[in-house]
Amino acid sequence: MSAPLWIFLLLAASGVFSAVMVVTRRNPIHSLLYLLVTFFSVAAVYVLLHAEFVAAVQVLVYAGGIMVLFLFVILLVDVGRVEGLRRVAKGHVALSALLAALVVVPLGVHVLGGAPAAAPDTTALAAGGGNLETVSLSLFRHYLLPFEAISILLLVALVGAVVLARARY
Amino acid sequence: MLAPAHVMLFSLALFGIGVVGVLTRRNAIVVLMSLEIVFNAANLNFIAFAWALPDVAGQVLALFVICVAAAEAAIGLAILITVYRNRSHINVDEIDLMKW
């Protein structure tokens, strides 16, 4: 059973619009608030695609943790002084858009040519007790070593962030 | 009906916007935000394929990507604070100490 297309199109439009606003706003706080809208749109798309647990993690980690981290750094770094930048040169924007198009257009052609046909039977994503149980069984049965490795990565990142941001070495 | 190609095109659009943001913005914080958009685009593809196959491994990989994104944001922002403390700006055009 597939979700209605118009809901997805609505969410995708909101996601793309807010992503464009993130890139174009001059005030980092405005960019951050639009980034929040992008994260929520993507999380809603996850729900449509039967990834309820990943959607919850997206909201908790991105919209909760990472957003607050960004907010703190924006407030620590003096926005008023950072905003005194000269405008981006027009040629630079055109060159960047060209580079992005060079990456995106071949990918798009590939996507349109080789996307799997959908309307799948998605019961495998929520077998037994629902999506959370399915994900956790897969995580702890088949991906236990990567799971432990990622926890060490997070510990290293935590210690590294504390050491880097400390006032005196 | 919603097809994987729709989600992949959405992801492609987010990826392109994120790349343009990384290349054009001077404020390093906004560069990191654009990077988060790119991470989200990659995650959308994982979730789309997990839905299309259907195989829950894609969702597990998306969780790993979210963890790596969190670590990257923490380290990146800590580096920005250090750079700001030393140079009083975080303009990526002028942080060229390691540029040959």
# chains A, B, ... in the order shown; residues from 1 in each chain; ligands from 1
>>> residues_around(residues="B:Leu12", least_positions_apart="5", cutoff="10 Å", atoms="only C-alpha atoms", output="list in words")
Val103, Val104, Val105, Leu107, Gly108 and Val111 of chain A; His6, Val7, Ile17, Gly18, Val38, Ala41, Ala42, Leu44 and Asn45 of chain B
>>> interface_residues(of="chain B", to="chain A", cutoff="7 Å", atoms="only C-alpha atoms", output="PDB file with C-alpha atoms, in the first residue's frame")
ATOM      1  CA  MET B   1       1.098   6.417  -6.465  1.00  0.00           C
ATOM      2  CA  LEU B   2       4.381   7.272  -4.845  1.00  0.00           C
ATOM      3  CA  ALA B   3       7.350   5.715  -6.663  1.00  0.00           C
ATOM      4  CA  PRO B   4      11.010   5.499  -5.580  1.00  0.00           C
ATOM      5  CA  ALA B   5      11.924   7.738  -8.519  1.00  0.00           C
ATOM      6  CA  MET B   8      15.126  10.030  -5.522  1.00  0.00           C
ATOM      7  CA  LEU B   9      14.381  13.191  -7.495  1.00  0.00           C
ATOM      8  CA  PHE B  10      13.540  14.993  -4.238  1.00  0.00           C
ATOM      9  CA  LEU B  12      18.639  14.861  -5.936  1.00  0.00           C
ATOM     10  CA  ALA B  13      17.187  18.365  -5.593  1.00  0.00           C
ATOM     11  CA  LEU B  14      18.251  18.561  -1.940  1.00  0.00           C
ATOM     12  CA  GLY B  16      22.137  19.944  -5.605  1.00  0.00           C
ATOM     13  CA  ILE B  17      20.963  22.736  -3.297  1.00  0.00           C
ATOM     14  CA  VAL B  19      26.303  21.436  -3.013  1.00  0.00           C
ATOM     15  CA  VAL B  20      25.548  24.981  -4.211  1.00  0.00           C
ATOM     16  CA  GLY B  21      25.360  26.086  -0.571  1.00  0.00           C
ATOM     17  CA  LEU B  23      30.348  26.141  -2.743  1.00  0.00           C
ATOM     18  CA  THR B  24      28.855  29.635  -2.506  1.00  0.00           C
ATOM     19  CA  VAL B  30      25.993  27.971   6.808  1.00  0.00           C
ATOM     20  CA  SER B  34      24.394  22.913   3.657  1.00  0.00           C
ATOM     21  CA  ILE B  47      15.134   5.099   3.066  1.00  0.00           C
ATOM     22  CA  ALA B  48      13.699   5.084  -0.464  1.00  0.00           C
ATOM     23  CA  TRP B  51      11.099   0.979   1.079  1.00  0.00           C
ATOM     24  CA  ALA B  52      11.348  -0.194  -2.530  1.00  0.00           C
ATOM     25  CA  PRO B  54      11.881  -3.784   0.820  1.00  0.00           C
ATOM     26  CA  ASP B  55      14.851  -4.376   3.112  1.00  0.00           C
ATOM     27  CA  VAL B  56      15.259  -2.871   6.555  1.00  0.00           C
ATOM     28  CA  ALA B  57      19.078  -2.711   6.135  1.00  0.00           C
ATOM     29  CA  GLN B  59      17.016   2.088   7.480  1.00  0.00           C
ATOM     30  CA  VAL B  60      19.860   0.787   9.677  1.00  0.00           C
ATOM     31  CA  LEU B  63      20.763   5.518  11.345  1.00  0.00           C
ATOM     32  CA  ALA B  70      26.046  14.238  14.494  1.00  0.00           C
ATOM     33  CA  ALA B  71      29.752  13.538  15.094  1.00  0.00           C
ATOM     34  CA  ALA B  73      28.528  18.588  13.308  1.00  0.00           C
ATOM     35  CA  ALA B  74      30.014  18.430  16.809  1.00  0.00           C
ATOM     36  CA  ILE B  75      33.619  18.389  15.577  1.00  0.00           C
ATOM     37  CA  LEU B  77      31.356  23.422  15.177  1.00  0.00           C
ATOM     38  CA  ALA B  78      34.113  22.936  17.778  1.00  0.00           C
ATOM     39  CA  ILE B  79      36.671  23.737  15.076  1.00  0.00           C
ATOM     40  CA  ILE B  81      34.699  28.051  17.715  1.00  0.00           C
ATOM     41  CA  THR B  82      38.481  27.564  17.843  1.00  0.00           C
ATOM     42  CA  TYR B  84      36.708  32.234  15.715  1.00  0.00           C
ATOM     43  CA  HIS B  89      35.829  35.598  12.000  1.00  0.00           C
TER      44      HIS B  89
END
>>> atom_distance(atom1="atom CA of B:Asn43", atom2="atom CA of B:Val92")
26.7 Å
